[in-house]
Amino acid sequence: MYLCPDRKKEEVKTWFVAILLAFVLVALVSLQPSAFPQEINQGESKRKPTAKVQPKYPALARQLKLSGKVKVEAIVTPDGCVKNTRTIGGSPVLVNAALDAIRMRRYEAAPKETVEIIEIDF
């Protein structure tokens, strides 16, 4: 099959543009921040809890026979109380039970506020 020179140039140009777009797409995807930035140590502390409360397994989760982990970031005050929480991952059905239990935890005292990453298994 013989292609005229103009058509061949256009076909090469199309392939070149397609390959260039593919490389740009790969570059953009690789530059995106990680889906799990909490895995990077951002100064999290490992304060020991002095009082742990076991989460209540939700009735809906029991009916669905749902299990899994919930990962939460908690800000702990110097006196050991949980000030704020942020869900990092886990089933939405299990999250509220995990947050309720984490908010009732107490930690050992520290000189300043710390960030704790807590993982609860259901």
# chains A, B, ... in the order shown; residues from 1 in each chain; ligands from 1
>>> residues_around(residues="Ala101 in chain A", least_positions_apart="3", cutoff="10 Å", atoms="only C-alpha atoms", output="short mmCIF file (atom, residue, chain, number, x, y, z; two decimals) with N, CA and C atoms, in the first residue's frame")
data_model
loop_
_atom_site.label_atom_id
_atom_site.label_comp_id
_atom_site.auth_asym_id
_atom_site.auth_seq_id
_atom_site.Cartn_x
_atom_site.Cartn_y
_atom_site.Cartn_z
N LYS A 52 -7.97 3.06 77.07
CA LYS A 52 -8.53 2.72 75.76
C LYS A 52 -9.97 2.27 75.94
N VAL A 53 -10.82 2.71 75.03
CA VAL A 53 -12.22 2.29 75.03
C VAL A 53 -12.43 1.45 73.78
N GLN A 54 -12.99 0.26 73.95
CA GLN A 54 -13.26 -0.60 72.81
C GLN A 54 -14.47 -0.06 72.05
N PRO A 55 -14.38 0.01 70.72
CA PRO A 55 -15.52 0.52 69.95
C PRO A 55 -16.68 -0.48 69.96
N LYS A 56 -17.89 0.06 69.88
CA LYS A 56 -19.08 -0.79 69.79
C LYS A 56 -19.29 -1.15 68.33
N ASN A 96 -17.99 5.88 62.49
CA ASN A 96 -18.56 6.56 63.67
C ASN A 96 -18.27 5.83 64.97
N ALA A 97 -18.34 4.51 64.95
CA ALA A 97 -18.04 3.74 66.15
C ALA A 97 -16.57 3.91 66.54
N ALA A 98 -15.69 3.92 65.55
CA ALA A 98 -14.26 4.12 65.83
C ALA A 98 -14.00 5.51 66.39
N MET A 104 -12.96 9.01 73.42
CA MET A 104 -12.98 8.70 74.85
C MET A 104 -11.62 8.24 75.38
N ARG A 105 -10.66 8.07 74.51
CA ARG A 105 -9.32 7.64 74.95
C ARG A 105 -8.62 8.74 75.71
N ILE A 120 -8.00 1.05 64.09
CA ILE A 120 -8.88 0.19 64.86
C ILE A 120 -9.39 -0.93 63.98
#
>>> residues_around(residues="Ala59 in chain A", least_positions_apart="6", cutoff="12 Å", atoms="only C-alpha atoms", output="ChimeraX atom specification")
/A:65-66,93-94,97
>>> residues_around(residues="Val72 in chain A", least_positions_apart="3", cutoff="10 Å", atoms="only C-alpha atoms", output="compact mmCIF listing (two decimals) with N, CA and C atoms, in the first residue's frame")
# COMPACT_ATOMS: atom_id res chain seq x y z
N GLN A 38 -0.87 10.18 54.75
CA GLN A 38 -0.66 9.93 56.16
C GLN A 38 0.43 8.90 56.41
N LYS A 69 -10.68 -2.32 58.89
CA LYS A 69 -9.93 -1.39 59.72
C LYS A 69 -10.40 0.03 59.45
N ILE A 75 -5.71 14.55 67.16
CA ILE A 75 -4.87 15.57 67.80
C ILE A 75 -5.10 15.42 69.30
N THR A 85 -10.42 14.84 65.66
CA THR A 85 -10.16 13.63 64.89
C THR A 85 -10.45 13.88 63.42
N ARG A 86 -9.77 13.10 62.59
CA ARG A 86 -9.99 13.16 61.14
C ARG A 86 -9.86 11.74 60.61
N THR A 87 -10.89 11.29 59.90
CA THR A 87 -10.87 9.95 59.33
C THR A 87 -9.94 9.91 58.13
N ILE A 88 -9.05 8.95 58.12
CA ILE A 88 -8.12 8.77 57.02
C ILE A 88 -8.62 7.68 56.08
N GLY A 89 -9.18 6.62 56.64
CA GLY A 89 -9.66 5.55 55.80
C GLY A 89 -10.51 4.57 56.57
N GLY A 90 -11.26 3.78 55.83
CA GLY A 90 -12.08 2.76 56.45
C GLY A 90 -13.51 2.83 55.96
N VAL A 95 -16.85 3.85 60.72
CA VAL A 95 -16.12 5.07 61.13
C VAL A 95 -16.68 5.70 62.40
N ALA A 98 -15.69 3.92 65.55
CA ALA A 98 -14.26 4.12 65.83
C ALA A 98 -14.00 5.51 66.39
N LEU A 99 -14.62 6.53 65.80
CA LEU A 99 -14.42 7.90 66.28
C LEU A 99 -14.94 8.08 67.71
N ILE A 102 -12.36 6.52 70.00
CA ILE A 102 -11.10 7.29 70.04
C ILE A 102 -11.27 8.57 70.85
N GLU A 116 -1.60 11.78 66.57
CA GLU A 116 -1.51 10.33 66.67
C GLU A 116 -2.28 9.70 65.52
N ILE A 117 -1.71 8.68 64.91
CA ILE A 117 -2.39 7.91 63.89
C ILE A 117 -2.85 6.62 64.56
N ILE A 118 -4.16 6.39 64.54
CA ILE A 118 -4.74 5.25 65.25
C ILE A 118 -5.46 4.36 64.24
N GLU A 119 -5.23 3.07 64.35
CA GLU A 119 -5.89 2.10 63.48
C GLU A 119 -6.71 1.16 64.36
N ILE A 120 -8.00 1.05 64.09
CA ILE A 120 -8.88 0.19 64.86
C ILE A 120 -9.39 -0.93 63.98
>>> closest_residue(among="A:Ala110, A:Glu11, A:Phe122, A:Thr50", to="Arg62 in chain A", atoms="only C-alpha atoms")
A:Phe122
>>> residues_around(residues="Asp121 in chain A", least_positions_apart="4", cutoff="8 Å", atoms="only C-alpha atoms", output="VMD selection string")
chain A and resid 67 to 70
>>> closest_residue(among="A:Gln63, A:Glu10, A:Asp79, A:Lys46", to="Arg106 in chain A", atoms="only C-alpha atoms")
A:Asp79
